[in-house]
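**Q** Here you go, coords_17.txt (compact mmCIF, C-alpha atoms and all ligand atoms):
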```
# COMPACT_ATOMS: atom_id res chain seq x y z
CA MET X 1 -11.61 3.93 10.62
CA SER X 2 -13.95 4.30 13.56
CA SER X 3 -16.51 1.60 14.08
CA PRO X 4 -19.68 2.43 12.18
CA THR X 5 -21.87 4.86 14.08
CA GLN X 6 -25.60 4.36 14.17
CA LYS X 7 -27.09 5.43 10.84
CA ASN X 8 -30.79 6.17 10.71
CA ASP X 9 -32.58 5.26 7.50
CA SER X 10 -32.93 8.80 6.12
CA ASN X 11 -30.35 8.09 3.41
CA ALA X 12 -30.95 4.36 3.27
CA MET X 13 -31.09 4.21 -0.53
CA GLU X 14 -27.76 6.00 -0.93
CA ASP X 15 -26.32 3.88 1.88
CA SER X 16 -27.18 0.68 0.06
CA TYR X 17 -26.14 2.11 -3.36
CA TRP X 18 -22.64 3.16 -2.22
CA ASN X 19 -22.13 -0.05 -0.24
CA SER X 20 -23.03 -2.33 -3.17
CA ALA X 21 -21.79 -2.94 -6.73
CA ALA X 22 -21.81 0.78 -7.56
CA GLY X 23 -19.49 1.60 -4.64
CA GLN X 24 -17.29 -1.36 -5.55
CA LYS X 25 -16.91 0.09 -9.06
CA TRP X 26 -15.54 3.33 -7.59
CA VAL X 27 -13.04 1.18 -5.69
CA ASP X 28 -12.13 -0.89 -8.76
CA PHE X 29 -11.65 2.22 -10.91
CA GLN X 30 -10.17 4.37 -8.14
CA ASP X 31 -6.96 5.30 -9.95
CA GLU X 32 -8.75 6.19 -13.16
CA MET X 33 -11.44 8.23 -11.40
CA ASP X 34 -8.83 10.10 -9.36
CA SER X 35 -6.87 10.85 -12.50
CA LEU X 36 -9.99 12.02 -14.37
CA LEU X 37 -11.09 14.22 -11.46
CA GLU X 38 -7.65 15.52 -10.47
CA THR X 39 -8.18 18.99 -11.99
CA VAL X 40 -11.46 19.27 -10.08
CA LYS X 41 -9.72 18.49 -6.78
CA ASP X 42 -6.92 20.94 -7.54
CA GLN X 43 -9.39 23.72 -8.41
CA LEU X 44 -11.43 23.05 -5.29
CA LEU X 45 -8.39 23.15 -3.01
CA ALA X 46 -7.02 26.27 -4.71
CA LYS X 47 -10.33 28.02 -3.98
CA THR X 48 -10.49 26.75 -0.39
CA ASN X 49 -7.18 28.30 0.76
CA ILE X 50 -6.49 25.78 3.50
CA GLU X 51 -4.06 27.14 6.08
CA ILE X 52 -1.46 25.33 8.15
CA GLY X 53 -2.99 23.84 11.31
CA GLU X 54 -6.61 23.91 10.14
CA HIS X 55 -9.16 21.27 11.13
CA ILE X 56 -11.09 20.03 8.12
CA LEU X 57 -14.07 17.80 7.35
CA ASP X 58 -14.17 16.16 3.90
CA ILE X 59 -17.76 15.04 3.38
CA GLY X 60 -18.42 12.08 1.09
CA CYS X 61 -14.65 11.63 0.93
CA GLY X 62 -14.85 8.34 -0.99
CA THR X 63 -11.42 6.82 -1.52
CA GLY X 64 -9.79 9.90 -0.01
CA ALA X 65 -7.88 11.75 -2.77
CA THR X 66 -9.14 15.16 -1.63
CA THR X 67 -8.77 14.19 2.04
CA ARG X 68 -5.08 13.39 1.58
CA ASP X 69 -4.31 16.58 -0.34
CA ALA X 70 -6.19 18.65 2.25
CA ALA X 71 -4.11 16.94 4.97
CA ALA X 72 -0.90 17.85 3.13
CA LEU X 73 -2.02 21.49 2.97
CA ALA X 74 -3.00 21.64 6.67
CA GLY X 75 0.35 20.17 7.74
CA ALA X 76 1.28 18.19 10.84
CA GLY X 77 -0.58 20.50 13.26
CA GLY X 78 -3.89 20.14 11.46
CA SER X 79 -6.43 17.35 11.17
CA VAL X 80 -8.81 16.01 8.56
CA ILE X 81 -11.91 13.90 9.06
CA GLY X 82 -12.84 11.94 5.94
CA ALA X 83 -16.52 11.08 6.40
CA ASP X 84 -18.40 8.74 4.12
CA ILE X 85 -21.44 6.47 4.16
CA SER X 86 -19.60 3.72 2.23
CA GLY X 87 -17.44 1.24 4.12
CA LEU X 88 -16.16 -0.09 0.78
CA LEU X 89 -14.75 3.27 -0.28
CA LEU X 90 -13.36 4.07 3.18
CA GLU X 91 -11.54 0.73 3.38
CA CYS X 92 -9.87 1.63 0.11
CA ALA X 93 -9.02 5.13 1.42
CA GLN X 94 -7.37 3.65 4.49
CA GLN X 95 -4.99 1.55 2.45
CA VAL X 96 -3.22 4.59 1.00
CA ALA X 97 -0.21 5.71 3.01
CA ILE X 98 -0.23 9.19 4.55
CA ASP X 99 2.70 11.60 4.32
CA GLN X 100 4.33 12.06 7.76
CA ASN X 101 4.34 15.85 7.37
CA ALA X 102 0.62 15.91 6.67
CA ALA X 103 -2.25 16.49 9.09
CA SER X 104 -3.66 13.47 10.86
CA ILE X 105 -6.56 11.80 9.06
CA GLU X 106 -9.48 10.03 10.73
CA TYR X 107 -11.95 8.18 8.54
CA LEU X 108 -15.54 7.98 9.81
CA LEU X 109 -18.18 5.65 8.43
CA VAL X 110 -21.20 7.88 8.96
CA ASP X 111 -24.12 9.60 7.29
CA GLY X 112 -23.09 13.27 7.04
CA GLN X 113 -26.73 14.31 7.34
CA THR X 114 -27.21 12.86 10.80
CA HIS X 115 -23.83 12.13 12.41
CA ASP X 116 -23.18 13.99 15.67
CA PHE X 117 -19.90 15.71 14.73
CA THR X 118 -18.18 17.58 17.58
CA GLU X 119 -19.77 21.03 17.76
CA ASN X 120 -17.69 24.14 16.89
CA SER X 121 -14.60 22.02 16.21
CA LEU X 122 -13.78 22.59 12.53
CA ASP X 123 -12.35 25.37 10.38
CA VAL X 124 -13.41 24.08 6.97
CA LEU X 125 -15.94 21.74 5.40
CA ILE X 126 -14.89 20.59 1.93
CA SER X 127 -16.26 18.16 -0.62
CA ARG X 128 -15.54 17.06 -4.17
CA PHE X 129 -18.83 15.66 -5.48
CA GLY X 130 -19.83 14.24 -2.07
CA VAL X 131 -22.77 16.45 -1.01
CA MET X 132 -25.38 15.84 -3.73
CA PHE X 133 -26.75 12.64 -2.24
CA PHE X 134 -28.60 13.80 0.88
CA ASN X 135 -32.34 13.20 0.95
CA ASP X 136 -32.72 16.40 3.00
CA PRO X 137 -29.89 18.76 2.02
CA VAL X 138 -30.97 21.57 4.37
CA ALA X 139 -30.97 19.15 7.32
CA ALA X 140 -27.59 17.81 6.20
CA PHE X 141 -25.94 21.23 5.91
CA THR X 142 -27.54 22.38 9.16
CA ASN X 143 -26.07 19.32 10.86
CA MET X 144 -22.60 19.74 9.35
CA THR X 145 -22.56 23.50 9.99
CA ARG X 146 -22.93 22.79 13.72
CA ALA X 147 -19.46 21.24 13.56
CA LEU X 148 -17.90 24.43 12.17
CA LYS X 149 -16.40 27.04 14.46
CA PRO X 150 -18.01 30.48 14.18
CA GLY X 151 -16.65 31.98 10.94
CA GLY X 152 -15.73 28.51 9.65
CA ARG X 153 -15.87 27.98 5.90
CA VAL X 154 -17.72 25.69 3.52
CA SER X 155 -16.19 24.99 0.10
CA PHE X 156 -17.41 22.31 -2.29
CA VAL X 157 -17.88 21.42 -5.93
CA SER X 158 -20.76 19.70 -7.70
CA TRP X 159 -21.64 18.97 -11.33
CA SER X 160 -23.65 21.47 -13.35
CA TYR X 161 -26.41 20.23 -15.70
CA MET X 162 -26.02 16.92 -17.51
CA ASN X 163 -26.36 18.56 -20.95
CA GLU X 164 -23.22 20.59 -20.19
CA ASN X 165 -21.27 17.51 -19.07
CA PRO X 166 -20.59 15.14 -21.97
CA TRP X 167 -18.94 12.64 -19.60
CA PHE X 168 -22.50 11.94 -18.38
CA ARG X 169 -24.58 13.14 -21.32
CA ILE X 170 -23.05 11.01 -24.09
CA PRO X 171 -23.36 7.64 -22.28
CA ARG X 172 -26.87 8.50 -21.07
CA ASP X 173 -28.08 9.63 -24.53
CA VAL X 174 -26.51 6.64 -26.28
CA ALA X 175 -28.08 4.21 -23.81
CA ILE X 176 -31.48 5.88 -24.23
CA ASP X 177 -31.16 5.87 -28.05
CA ARG X 178 -30.63 2.12 -27.93
CA LEU X 179 -33.08 1.14 -25.20
CA GLY X 180 -35.63 3.94 -24.90
CA ALA X 181 -36.11 6.63 -22.29
CA VAL X 182 -36.23 5.83 -18.61
CA ALA X 183 -39.06 7.28 -16.54
CA PRO X 184 -38.32 10.96 -15.85
CA GLY X 185 -37.11 11.47 -12.30
CA ASP X 186 -37.08 14.43 -9.91
CA PRO X 187 -34.09 16.58 -11.04
CA HIS X 188 -33.41 17.44 -7.39
CA ALA X 189 -33.47 13.84 -6.15
CA PRO X 190 -30.17 12.66 -4.65
CA GLY X 191 -27.71 12.01 -7.46
CA PRO X 192 -24.73 13.51 -9.30
CA MET X 193 -26.76 16.34 -10.90
CA ALA X 194 -28.89 17.22 -7.85
CA PHE X 195 -26.85 20.40 -7.23
CA ALA X 196 -26.87 21.67 -10.83
CA ASP X 197 -29.07 24.69 -10.05
CA LEU X 198 -26.89 27.39 -8.47
CA ASP X 199 -29.82 29.36 -7.02
CA ARG X 200 -31.43 26.31 -5.46
CA VAL X 201 -28.19 25.22 -3.77
CA SER X 202 -27.46 28.78 -2.61
CA GLY X 203 -30.92 28.72 -0.99
CA ILE X 204 -30.14 25.40 0.69
CA LEU X 205 -26.95 26.85 2.19
CA SER X 206 -28.75 29.99 3.40
CA ASP X 207 -31.58 27.91 4.87
CA ALA X 208 -28.95 25.88 6.73
CA GLY X 209 -27.83 29.10 8.44
CA LEU X 210 -24.74 29.83 6.34
CA ARG X 211 -23.91 33.35 5.14
CA ASP X 212 -21.73 34.96 2.44
CA VAL X 213 -22.85 32.30 -0.01
CA VAL X 214 -21.00 32.50 -3.33
CA ALA X 215 -21.88 30.20 -6.24
CA SER X 216 -20.29 30.04 -9.67
CA SER X 217 -20.41 27.78 -12.68
CA GLU X 218 -17.08 27.16 -14.38
CA LYS X 219 -15.96 25.29 -17.48
CA ILE X 220 -12.91 23.10 -17.16
CA ASP X 221 -11.49 20.16 -19.09
CA LEU X 222 -11.25 16.76 -17.44
CA PHE X 223 -8.19 14.87 -18.61
CA TYR X 224 -8.37 11.08 -18.99
CA ARG X 225 -4.90 9.51 -19.26
CA GLY X 226 -5.45 6.43 -21.39
CA THR X 227 -6.98 5.09 -24.57
CA LEU X 228 -10.39 5.85 -26.03
CA ASP X 229 -11.47 2.25 -25.42
CA ALA X 230 -10.44 2.42 -21.77
CA ALA X 231 -12.31 5.72 -21.33
CA THR X 232 -15.43 4.16 -22.85
CA TYR X 233 -15.11 1.17 -20.55
CA LEU X 234 -14.91 3.51 -17.55
CA ALA X 235 -17.87 5.59 -18.77
CA CYS X 236 -19.94 2.41 -19.19
CA ASN X 237 -19.13 1.20 -15.69
CA VAL X 238 -19.15 4.35 -13.55
CA GLY X 239 -21.98 6.56 -14.74
CA PRO X 240 -25.55 6.47 -16.00
CA VAL X 241 -25.24 3.67 -18.59
CA MET X 242 -25.73 0.74 -16.25
CA ARG X 243 -28.70 2.40 -14.59
CA VAL X 244 -30.48 2.73 -17.96
CA VAL X 245 -29.48 -0.79 -19.02
CA LYS X 246 -30.71 -2.24 -15.72
CA GLU X 247 -33.96 -0.27 -15.68
CA LEU X 248 -34.81 -1.18 -19.29
CA GLY X 249 -33.57 -4.76 -19.20
CA GLY X 250 -30.74 -4.31 -21.73
CA SER X 251 -28.89 -7.43 -22.92
CA PRO X 252 -25.12 -7.97 -23.27
CA ASP X 253 -25.55 -7.23 -27.01
CA ASP X 254 -27.14 -3.88 -26.12
CA VAL X 255 -24.22 -3.06 -23.83
CA LYS X 256 -21.77 -3.90 -26.64
CA ALA X 257 -23.64 -1.69 -29.13
CA ILE X 258 -23.90 1.14 -26.59
CA SER X 259 -20.21 0.93 -25.83
CA GLU X 260 -19.27 1.07 -29.55
CA LYS X 261 -21.45 4.15 -30.07
CA ILE X 262 -19.98 5.90 -27.03
CA THR X 263 -16.50 5.23 -28.42
CA SER X 264 -17.39 6.88 -31.71
CA GLU X 265 -19.00 9.88 -29.94
CA MET X 266 -16.01 10.41 -27.65
CA GLN X 267 -13.53 10.23 -30.53
CA ASN X 268 -13.68 14.05 -30.73
CA PHE X 269 -12.07 14.35 -27.31
CA VAL X 270 -8.92 12.37 -28.12
CA VAL X 271 -5.72 14.39 -27.64
CA PRO X 272 -2.09 13.31 -27.23
CA GLY X 273 -1.84 11.06 -24.16
CA GLY X 274 -5.55 10.66 -23.56
CA LEU X 275 -8.90 12.45 -23.78
CA SER X 276 -9.72 16.04 -22.90
CA ILE X 277 -13.37 16.15 -21.93
CA PRO X 278 -15.15 19.48 -21.38
CA ALA X 279 -17.04 19.78 -18.12
CA SER X 280 -19.20 22.33 -16.35
CA LEU X 281 -18.81 22.50 -12.58
CA ASN X 282 -20.50 24.42 -9.79
CA PHE X 283 -18.29 25.79 -7.01
CA PHE X 284 -19.86 26.97 -3.76
CA SER X 285 -18.44 28.74 -0.74
CA ALA X 286 -20.08 30.04 2.43
CA ARG X 287 -19.33 30.86 6.03
CA LYS X 288 -20.87 30.09 9.41
CA GLY X 289 -22.16 33.26 11.07
C1 LIG K 1 -19.34 10.75 -6.34
S1 LIG K 1 -18.62 10.04 -4.91
C2 LIG K 1 -17.30 11.20 -4.59
C3 LIG K 1 -16.22 10.62 -3.73
C4 LIG K 1 -15.02 11.53 -3.46
N1 LIG K 1 -15.39 12.76 -2.80
C5 LIG K 1 -14.28 11.81 -4.74
O1 LIG K 1 -14.36 12.91 -5.28
O2 LIG K 1 -13.58 10.88 -5.22
C6 LIG K 1 -19.82 10.46 -3.66
C7 LIG K 1 -19.48 10.00 -2.28
O3 LIG K 1 -20.45 10.48 -1.36
C8 LIG K 1 -20.70 9.47 -0.39
N2 LIG K 1 -22.00 9.72 0.26
C9 LIG K 1 -23.24 9.64 -0.32
N3 LIG K 1 -24.18 9.94 0.59
C10 LIG K 1 -23.53 10.23 1.77
C11 LIG K 1 -23.96 10.61 3.06
N4 LIG K 1 -25.27 10.76 3.35
N5 LIG K 1 -23.03 10.82 4.02
C12 LIG K 1 -21.69 10.66 3.73
N6 LIG K 1 -21.24 10.30 2.52
C13 LIG K 1 -22.14 10.09 1.54
C14 LIG K 1 -20.64 8.19 -1.21
O4 LIG K 1 -20.47 7.05 -0.43
C15 LIG K 1 -19.46 8.48 -2.13
O5 LIG K 1 -18.24 8.09 -1.56
```
Please lay out the structure from this file as structure tokens.
**A**
Amino acid sequence: MSSPTQKNDSNAMEDSYWNSAAGQKWVDFQDEMDSLLETVKDQLLAKTNIEIGEHILDIGCGTGATTRDAAALAGAGGSVIGADISGLLLECAQQVAIDQNAASIEYLLVDGQTHDFTENSLDVLISRFGVMFFNDPVAAFTNMTRALKPGGRVSFVSWSYMNENPWFRIPRDVAIDRLGAVAPGDPHAPGPMAFADLDRVSGILSDAGLRDVVASSEKIDLFYRGTLDAATYLACNVGPVMRVVKELGGSPDDVKAISEKITSEMQNFVVPGGLSIPASLNFFSARKG
């Protein structure tokens, strides 16, 4: 990993969030999260059509599952930059061995919104759930687009609305039922559901100077390999539950009650070998002019 570049404070809240306990949880549950989100990665890469020798930027790469698969697709002549604002997640990414036949990978600890990426150097910008956290998305995409060669592609996936994603909705609703509603926030504020509105995000990409913007919402099933109890534990630790509990001062007894209710609500998703959880995802593609 490169030494941290200067980060201005434009994404200071996300910087501190992903470098604190929340980021550490992604590290602790890395294998489970990668397993749960594997279909999403595979769908994203299938849509991106990476070619041998391409130079790729994976924004908000986290612990690097998508980065590594993109490197395998680009082959030894290609390169992938995995860029992320979290040193915790990047350290974890760096510990995973890279296939010798894969493209070289460089991990950068940077804010994608402001980092001075080499201009006109990249063929593709990809991201699995790593671009919804910018405080100024147009500025961020304008900055990252500079790094694309003319004609270079953008291909990423975000979550659709919370109500269509029970992985988020059930824990959030159960926590609110127990503790009361949290203050309503700006639906477009940085966060997992900030890119739920296809038209809004398409506008962001156009305003950033991209063309041929294509946006689609698709239903897929996430597959969790493990028990119902383990899935509940994951949902309670990585997701909206802890935010609600923290904001409303929930006690350990509340957390226990919330967890039991989530287990009973997620019972419907149990299938042989794990849980099949319906999800609604937004896929976006665009091109630099
Ligand atoms: C939901 S995680 C997704 C991680 C990874 N792409 C995956 O699918 O496993 C979001 C990631 O975006 C990163 N992130 C948030 N804001 C960022 C920014 N301004 N610049 C770069 N990365 C950022 C976080 O640190 C985190 O790793």
**Q** For ligand LIG 1 (chain K), collect every residue having any atom at a distance of at most 6 Å from a ligand atom (counting all atoms listed in the file); output as an NGL selection string.
**A** :X and (11 or 14 or 18 or 59-63 or 83-86 or 110-113 or 127-130 or 133-134)
**Q** Choose the residue, out of X:Asn135, X:Ser280, X:Asn101, X:Ser264, that has the smallest atom-to-atom separation from Pro166 of chain X; count all atoms listed in the file.
**A** X:Ser280
**Q** Using only C-alpha atoms, find the one residue out of X:Ala103, X:Ala21, X:Leu44, X:Met132 that sits nearest to Ala189 of chain X.
**A** X:Met132
**Q** Quick one, how far is atom CA of Lys261 of chain X from atom CA of Asp177 of chain X?
**A**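 Distance between the two atoms: 10.1 Å.
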**Q** Could you please determine the separation between atom CA of Glu119 of chain X and atom CA of Ser104 of chain X in Å, to one decimal place?
**A** 19.1 Å
**Q** With distances taken over all atoms listed in the file, which of X:Thr145, X:Ala235, X:Phe29, X:Val124 is nearest to Ile277 of chain X?
**A** X:Ala235
**Q** Leaving out Ala194 of chain X and any residue of its chain fewer than 3 positions from it, which residues lie within 12 Å of it when counting all atoms listed in the file, given as a list in words?
**A**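 The contact residues come out as Phe129, Gly130, Val131, Met132, Phe133, Phe134, Asn135, Asp136, Pro137, Val157, Ser158, Trp159, Ser160, Tyr161, Met162, Gly185, Asp186, Pro187, His188, Ala189, Pro190, Gly191, Asp197, Leu198, Arg200, Val201, Ile204 and Asn282 of chain X.
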**Q** Near Tyr233 of chain X, within 10 Å and counting all atoms listed in the file, which residues show up once chain neighbours fewer than 3 positions away are dropped, as a PyMOL selection string?
**A** chain X and resi 227-230+236-238+259-260+262-263
**Q** With only C-alpha atoms as the atoms that count, which of X:Arg287, X:Ala257, X:Ser155, X:Leu210 lies nearest to Lys47 of chain X?
**A**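 The answer is X:Ser155, which sits nearest to Lys47 of chain X.
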**Q** For Asp116 of chain X, list every protein, DNA or RNA residue within 10 Å, evaluated using all atoms listed in the file, and leave out those in the same chain fewer than 6 positions away; present the list as a list in words.
**A**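 Counting all atoms listed in the file, the residues come to Thr5, Val110, Asn143, Met144, Arg146 and Ala147 of chain X.
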**Q** If I take atom CA of Ile176 of chain X and atom CA of Ala231 of chain X, how far is one from the other in Å, to one decimal?
**A**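 Here the two named atoms are 19.4 Å from each other.
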**Q** Near Tyr224 of chain X, within 10 Å and counting only C-alpha atoms, which residues show up once chain neighbours fewer than 2 positions away are dropped, as a list in words?
**A**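 Using only C-alpha atoms, the neighbours found are Glu32, Met33, Asp34, Ser35, Leu36, Leu37, Glu38, Asp221, Leu222, Gly226, Thr227, Leu228, Ala230, Ala231, Phe269, Val270, Val271, Gly273, Gly274, Leu275, Ser276 and Ile277 of chain X.
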**Q** Filtering to C-alpha atoms, could you give me those residues as a short mmCIF file (atom, residue, chain, number, x, y, z; two decimals), keeping the file's coordinate frame?
**A**
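As written to disk, part.cif reads:
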```
data_model
loop_
_atom_site.label_atom_id
_atom_site.label_comp_id
_atom_site.auth_asym_id
_atom_site.auth_seq_id
_atom_site.Cartn_x
_atom_site.Cartn_y
_atom_site.Cartn_z
CA GLU X 32 -8.75 6.19 -13.16
CA MET X 33 -11.44 8.23 -11.40
CA ASP X 34 -8.83 10.10 -9.36
CA SER X 35 -6.87 10.85 -12.50
CA LEU X 36 -9.99 12.02 -14.37
CA LEU X 37 -11.09 14.22 -11.46
CA GLU X 38 -7.65 15.52 -10.47
CA ASP X 221 -11.49 20.16 -19.09
CA LEU X 222 -11.25 16.76 -17.44
CA GLY X 226 -5.45 6.43 -21.39
CA THR X 227 -6.98 5.09 -24.57
CA LEU X 228 -10.39 5.85 -26.03
CA ALA X 230 -10.44 2.42 -21.77
CA ALA X 231 -12.31 5.72 -21.33
CA PHE X 269 -12.07 14.35 -27.31
CA VAL X 270 -8.92 12.37 -28.12
CA VAL X 271 -5.72 14.39 -27.64
CA GLY X 273 -1.84 11.06 -24.16
CA GLY X 274 -5.55 10.66 -23.56
CA LEU X 275 -8.90 12.45 -23.78
CA SER X 276 -9.72 16.04 -22.90
CA ILE X 277 -13.37 16.15 -21.93
#
```
**Q** Between X:Asp253, X:Asp123, X:Asp15, X:Asp31, which one has atoms that come closest to Arg225 of chain X, using all atoms listed in the file?
**A**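 Of all the options, X:Asp31 lies closest to Arg225 of chain X.
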**Q** Can you work out which one of X:Gly87, X:Gln43, X:Thr67, X:Val174 has the shortest atom-to-atom distance to Ser16 of chain X, counting all atoms listed in the file?
**A**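 Ranking X:Gly87, X:Gln43, X:Thr67, X:Val174 by distance to Ser16 of chain X, first place goes to X:Gly87.
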**Q** Dump as number ranges by chain all residues having an atom at most 9 Å from (-11.3, 4.5, 8.8), computed in the file's coordinates with all atoms listed in the file.
**A** X: 1-3, 82-83, 87, 90-91, 93-94, 105-109
